[in-house]
Amino acid sequence: MPFDAKTFLRSLTEQPGVYRMIGADEEVLYVGKAKNLKRRVSNYFQKTPSSPRIGLMVQRVERVDITVVRSEAEALILENNLIKTYRPRYNILFRDDKSYPYIAISGDDFPRLAYYRGAFEKGVRYFGPYPNGGAARESIHLLQRLFLLRTCENSMFANRSRPCLLYQIKRCTAPCVGHIDAEGYARDVRLATMFLNGRHNEVVDQLANRMQDASERLAFEEAAAFRDQIRSIQTILHKQYVDSGKDENVDIVVAVERNGTVCLNLAMVRGGRHLGDRPQFPQTGEGLGAVDALLAFVEQHYLEHPLPEKIIVAAAEPDDVRAALEDSVDAMPIVAQARFAAEKAWVEMAENNAQLAIETRVRETGRAGAQLEALRVAMELAEPIERIECFDISHTMGEATVASCVVWDDGGMKKSEYRRFNIAGIEPGDDYAAMRQALTRRYERVASGEGVRPDLILIDGGKGQLGVALEVLTELGLESIRMVGVAKGEERKAGMEQLIFTDGREPVRLGGEHPALHLIQIVRDEAHRFAITGHRARRNKARLSSKLEDIPGIGPTRRKRLIETFGGLAGVRAATVEDLCRVEGINRKIAEQIYNALR
């Protein structure tokens with residue numbers, strides 16, 4: 001019986017919530033959120049669908065399930081959870097492995113300039129976002145050269161007795177030891193803030209005034225320093241390969257479709273300076289076109305990132321973009337297609353880079369597809385392999401055991417889905433028990449229907465580890481997931497690995513040139529790297545903490561003061577005897593004991 005959309009929409013609430021389009025055999029076709037459920041869901045059932053993709057999806061809908069929530073924030077969280085669980089074929093996802101980087105200026109008396117990713121904190125000013133880490137770090141280096149702001153951690157800043165190397169190479173004014181007063185440093189911070197906001201001409205004007213003032217006071221060395229600073233700024237601005245000449249913040253959003261592959265490219269202009277771009281590919285979306293990708297991107301991206309003053313779009317109409325943004329933003333920015341020469345140049349650059357990104361992805365996807373197919377054949381599987389999860393265990397003589405789980409999906413490693421498990425409650429060095437604990441913790445959620453089910457599990461180990469893994473999956477009712485053990489070859493040489501199966505087949509050695517083995521090595525080596533990195537961090541933290549506890553005269557109170565003063569155990573280790581003496585309750589004798597014990 002066809003879905004009766006009119007009857008359903010008549011009784012649909014206008015509250016915020018999440019909707020699920022359900023097709024034949026209870027397949028979840030699409031998951032979406034809405035500020036107003038009735039208005040959003042009604043858009044799908046118009047006489048003329050907004051795109052061929054939406055029209056195709058609506059034809060398959062047999063039911064729409066609704067979950068009402070209290071706020072848009074709750075709707076967003078629920079939508080994300082449901083998409084991860086069901087992976088609907090018509091959802092278009094742009095979920096980066098990493099957040100966008102920012103430049104942060106802290107709210108301290110002598111503010112710190114820093115590279116930052118993550119949630120915003122009160123009292124800190126953020127500038128960005130930047131399309132990639134390289135662009136943000138390049139801007140920080142530029143600001144250091146021009147305005148000499150400190151970049152050191154507060155624990156280091158509070159305990160300096162003499163200037164560091166950055167002062168010697170003229171990258172900092174050394175406020176830590178009083179080489180510049182608070183008023184002078186605040187002026188430099190204001191200039192840096194103005195520069196980050198694109199007010200370049202005002203920065204140059206202020207520096208020119210200060211240079212003139214120094215000249216009138218006959219402070220010629222000071223005037224020469226301001227002159228050199230102005231020249232540096234002008235040189236840097238002239239080097240910008242695209243500069244609009246205006247103090248404007250603009251995002252350029254383009255989508256390019258080529259041979260069935262769609263690339264969305266976001267370029268960023270801040271203060272009139274082009275900072276680079278960031279090509280992205282949707283993770284899902286059957287029947288996807290360039291317009292669909294662009295509209296889905298702007299709806300998702302601006303939920304989590306600040307709006308610029310203007311968004312320039314290509315491949316979609318501005319009115320459609322504004323409609324997509326309606327539920328995501330409080331104040332609508334200017335949305336337009338490129339009109340001026342600089343804007344057209346930005347769009348052309350973004351489209352060219354998207355084309356290049358598609359060419360690169362097609363090559364990489366073809367290679368990855370051949371490797372996956374070779375692995376499927378080698379394992380004699382009927383179904384294709386898309387998602388691989390690999391486990392490894394790392395410890396030092398049983399100390400600080402850590403298990404890793406890394407994920408290969410959609411043609412590459414998915415770092416956002418990696419997991420580490422700190423293993424506890426087992427006999428030191430018992431790799432079998434560690435593997436059991438890690439697999440149980442990872443796949444309990446899958447068994448309950450919450451996590452994503454892999455197509456293949458790789459276990460870095462031989463028959464013993466593989467046997468434990470099979471026991472765990474059997475206990476959880478997941479024994480249908482295929483597994484293979486990767487045993488080290490003779491003399492642990494790359495290319496000599498053996499694949500060990502759970503179905504009783506003889507182990508197989510593929511050979512060093514086999515494409516399936518190349519893929520296995522990539523995933524296995526990444527699992528090993530991720531495990532050993534976590535293990536070393538856990539071990540070093542435990543050892544340093546233990547050393548502090550073992551020092552005579554260092555009780556809980558002094559230990560707490562040390563950690564708070566130096567911002568953690570690493571800061572305590574880096575401190576000098578003089579630095580340690582400044583901590584309340586630490587005399588020189590105890591400071592020397594601490595210094596020697598940690599070395």
# chains A, B, ... in the order shown; residues from 1 in each chain; ligands from 1
>>> residues_around(residues="Leu166 (chain A)", least_positions_apart="2", cutoff="12 Å", atoms="only C-alpha atoms", output="list in words")
His141, Gln144, Arg145, Leu148, Leu149, Arg150, Thr151, Cys152, Arg162, Pro163, Cys164, Gln168, Ile169, Lys170, Arg171, Cys172, Thr173, Ala174, Pro175 and Cys176 of chain A
>>> select_by_dssp(residues="region 8-221 of chain A", states="strand (DSSP E)", output="PyMOL selection string")
chain A and resi 17-22+28-34+63-68+102-105+113-116+125-127
>>> select_by_dssp(residues="region 32-167 of chain A", states="helix (DSSP H, G or I)", output="PyMOL selection string")
chain A and resi 37-45+52-60+72-86+133-147+154-157+165-167
>>> closest_residue(among="A:Thr401, A:Thr533, A:Ser328, A:Gln283", to="Arg87 (chain A)", atoms="only C-alpha atoms")
A:Gln283
>>> closest_residue(among="A:Glu592, A:Glu513, A:Asp460, A:Glu475", to="Asp392 (chain A)", atoms="only C-alpha atoms")
A:Asp460
>>> closest_residue(among="A:Ile103, A:Leu82, A:Leu113, A:Cys390", to="Met413 (chain A)", atoms="only C-alpha atoms")
A:Cys390
>>> residues_around(residues="Ala447 (chain A)", least_positions_apart="4", cutoff="8 Å", atoms="only C-alpha atoms", output="PDB file with C-alpha atoms, in the first residue's frame")
ATOM      1  CA  TYR A 443      31.607  -5.253  20.306  1.00  0.00           C
ATOM      2  CA  GLY A 451      27.706   0.478  16.882  1.00  0.00           C
ATOM      3  CA  LEU A 476      28.143 -11.889  21.790  1.00  0.00           C
ATOM      4  CA  GLY A 477      26.287 -13.588  18.920  1.00  0.00           C
ATOM      5  CA  LEU A 478      28.526 -11.964  16.278  1.00  0.00           C
TER       6      LEU A 478
END
>>> residues_around(residues="region 177-193 of chain A", least_positions_apart="4", cutoff="9 Å", atoms="only C-alpha atoms", output="list in words")
Ile105, Asp109, Phe110, Pro111, Phe127, Leu143, Leu146, Phe147, Leu148, Leu149, Phe157, Arg160, Ser161, Arg162, Pro163, Thr173, Asn197, Gly198, Arg199, Glu202, Val203, Gln206 and Leu207 of chain A
>>> closest_residue(among="A:Ile393, A:Leu510, A:Ile92, A:Ala374", to="Val298 (chain A)", atoms="only C-alpha atoms")
A:Ile92
>>> residues_around(residues="Asn80 (chain A)", least_positions_apart="6", cutoff="12 Å", atoms="only C-alpha atoms", output="list in words")
Val18, Tyr30, Val31, Gly32, Lys33, Ala73, Glu74, Tyr86, Arg87, Pro88, Asn91, Ile92, Leu93, Phe94, Arg95, Gln300 and Glu450 of chain A
>>> write_last_selection(atoms="C-alpha atoms", output="short mmCIF file (atom, residue, chain, number, x, y, z; two decimals), in the first residue's frame")
data_model
loop_
_atom_site.label_atom_id
_atom_site.label_comp_id
_atom_site.auth_asym_id
_atom_site.auth_seq_id
_atom_site.Cartn_x
_atom_site.Cartn_y
_atom_site.Cartn_z
CA VAL A 18 14.11 13.72 14.10
CA TYR A 30 17.05 8.67 5.34
CA VAL A 31 17.46 10.29 8.75
CA GLY A 32 16.99 14.02 9.25
CA LYS A 33 16.43 16.62 11.96
CA ALA A 73 20.60 20.49 20.09
CA GLU A 74 18.95 17.24 21.16
CA TYR A 86 21.75 2.81 10.27
CA ARG A 87 24.05 4.41 7.66
CA PRO A 88 21.09 5.37 5.41
CA ASN A 91 21.98 10.69 3.68
CA ILE A 92 24.82 12.95 2.56
CA LEU A 93 27.45 13.20 5.29
CA PHE A 94 30.32 15.62 5.58
CA ARG A 95 31.88 14.54 8.86
CA GLN A 300 25.75 20.71 8.34
CA GLU A 450 24.36 0.72 18.71
#
>>> atom_distance(atom1="CA of Val484 (chain A)", atom2="CA of Met379 (chain A)")
8.6 Å
>>> closest_residue(among="A:Thr85, A:Ser215, A:Thr13, A:Ser394", to="Gly461 (chain A)", atoms="only C-alpha atoms")
A:Ser394
>>> closest_residue(among="A:Phe501, A:Tyr90, A:Phe530, A:Tyr302", to="Lys415 (chain A)", atoms="only C-alpha atoms")
A:Phe530
>>> atom_distance(atom1="CA of Glu14 (chain A)", atom2="CA of Ser42 (chain A)")
10.9 Å
>>> residues_around(residues="Gly485 (chain A)", least_positions_apart="5", cutoff="8 Å", atoms="only C-alpha atoms", output="MDAnalysis selection string")
chainID A and resid 458:463 465:466 498:501
>>> write_last_selection(atoms="C-alpha atoms", output="short mmCIF file (atom, residue, chain, number, x, y, z; two decimals), in the first residue's frame")
data_model
loop_
_atom_site.label_atom_id
_atom_site.label_comp_id
_atom_site.auth_asym_id
_atom_site.auth_seq_id
_atom_site.Cartn_x
_atom_site.Cartn_y
_atom_site.Cartn_z
CA LEU A 458 42.04 -8.30 11.62
CA ILE A 459 43.78 -9.62 14.73
CA ASP A 460 47.49 -8.86 14.99
CA GLY A 461 48.61 -12.24 16.32
CA GLY A 462 48.56 -15.98 15.79
CA LYS A 463 46.16 -18.82 16.56
CA GLN A 465 44.78 -14.44 19.86
CA LEU A 466 42.46 -15.39 17.00
CA GLN A 498 50.77 -15.58 7.39
CA LEU A 499 46.99 -15.23 7.34
CA ILE A 500 45.30 -17.54 9.86
CA PHE A 501 41.62 -18.35 9.40
#
>>> residues_around(residues="region 551-567 of chain A", least_positions_apart="6", cutoff="8 Å", atoms="only C-alpha atoms", output="ChimeraX atom specification")
/A:154-156,575,580,583-586,590,593-594,597
>>> write_last_selection(atoms="C-alpha atoms", output="short mmCIF file (atom, residue, chain, number, x, y, z; two decimals), in the first residue's frame")
data_model
loop_
_atom_site.label_atom_id
_atom_site.label_comp_id
_atom_site.auth_asym_id
_atom_site.auth_seq_id
_atom_site.Cartn_x
_atom_site.Cartn_y
_atom_site.Cartn_z
CA ASN A 154 51.33 29.32 31.15
CA SER A 155 53.28 26.90 33.35
CA MET A 156 56.47 27.75 31.44
CA ALA A 575 61.43 22.68 35.60
CA LEU A 580 60.84 24.37 41.73
CA VAL A 583 56.44 26.58 44.60
CA GLU A 584 54.94 27.09 48.04
CA GLY A 585 56.32 24.57 50.52
CA ILE A 586 59.33 23.55 48.38
CA ILE A 590 63.52 19.29 48.33
CA GLN A 593 65.69 15.99 45.37
CA ILE A 594 62.82 16.39 42.92
CA ALA A 597 64.77 12.01 41.03
#
>>> atom_distance(atom1="CA of Gly128 (chain A)", atom2="CA of Leu196 (chain A)")
8.7 Å
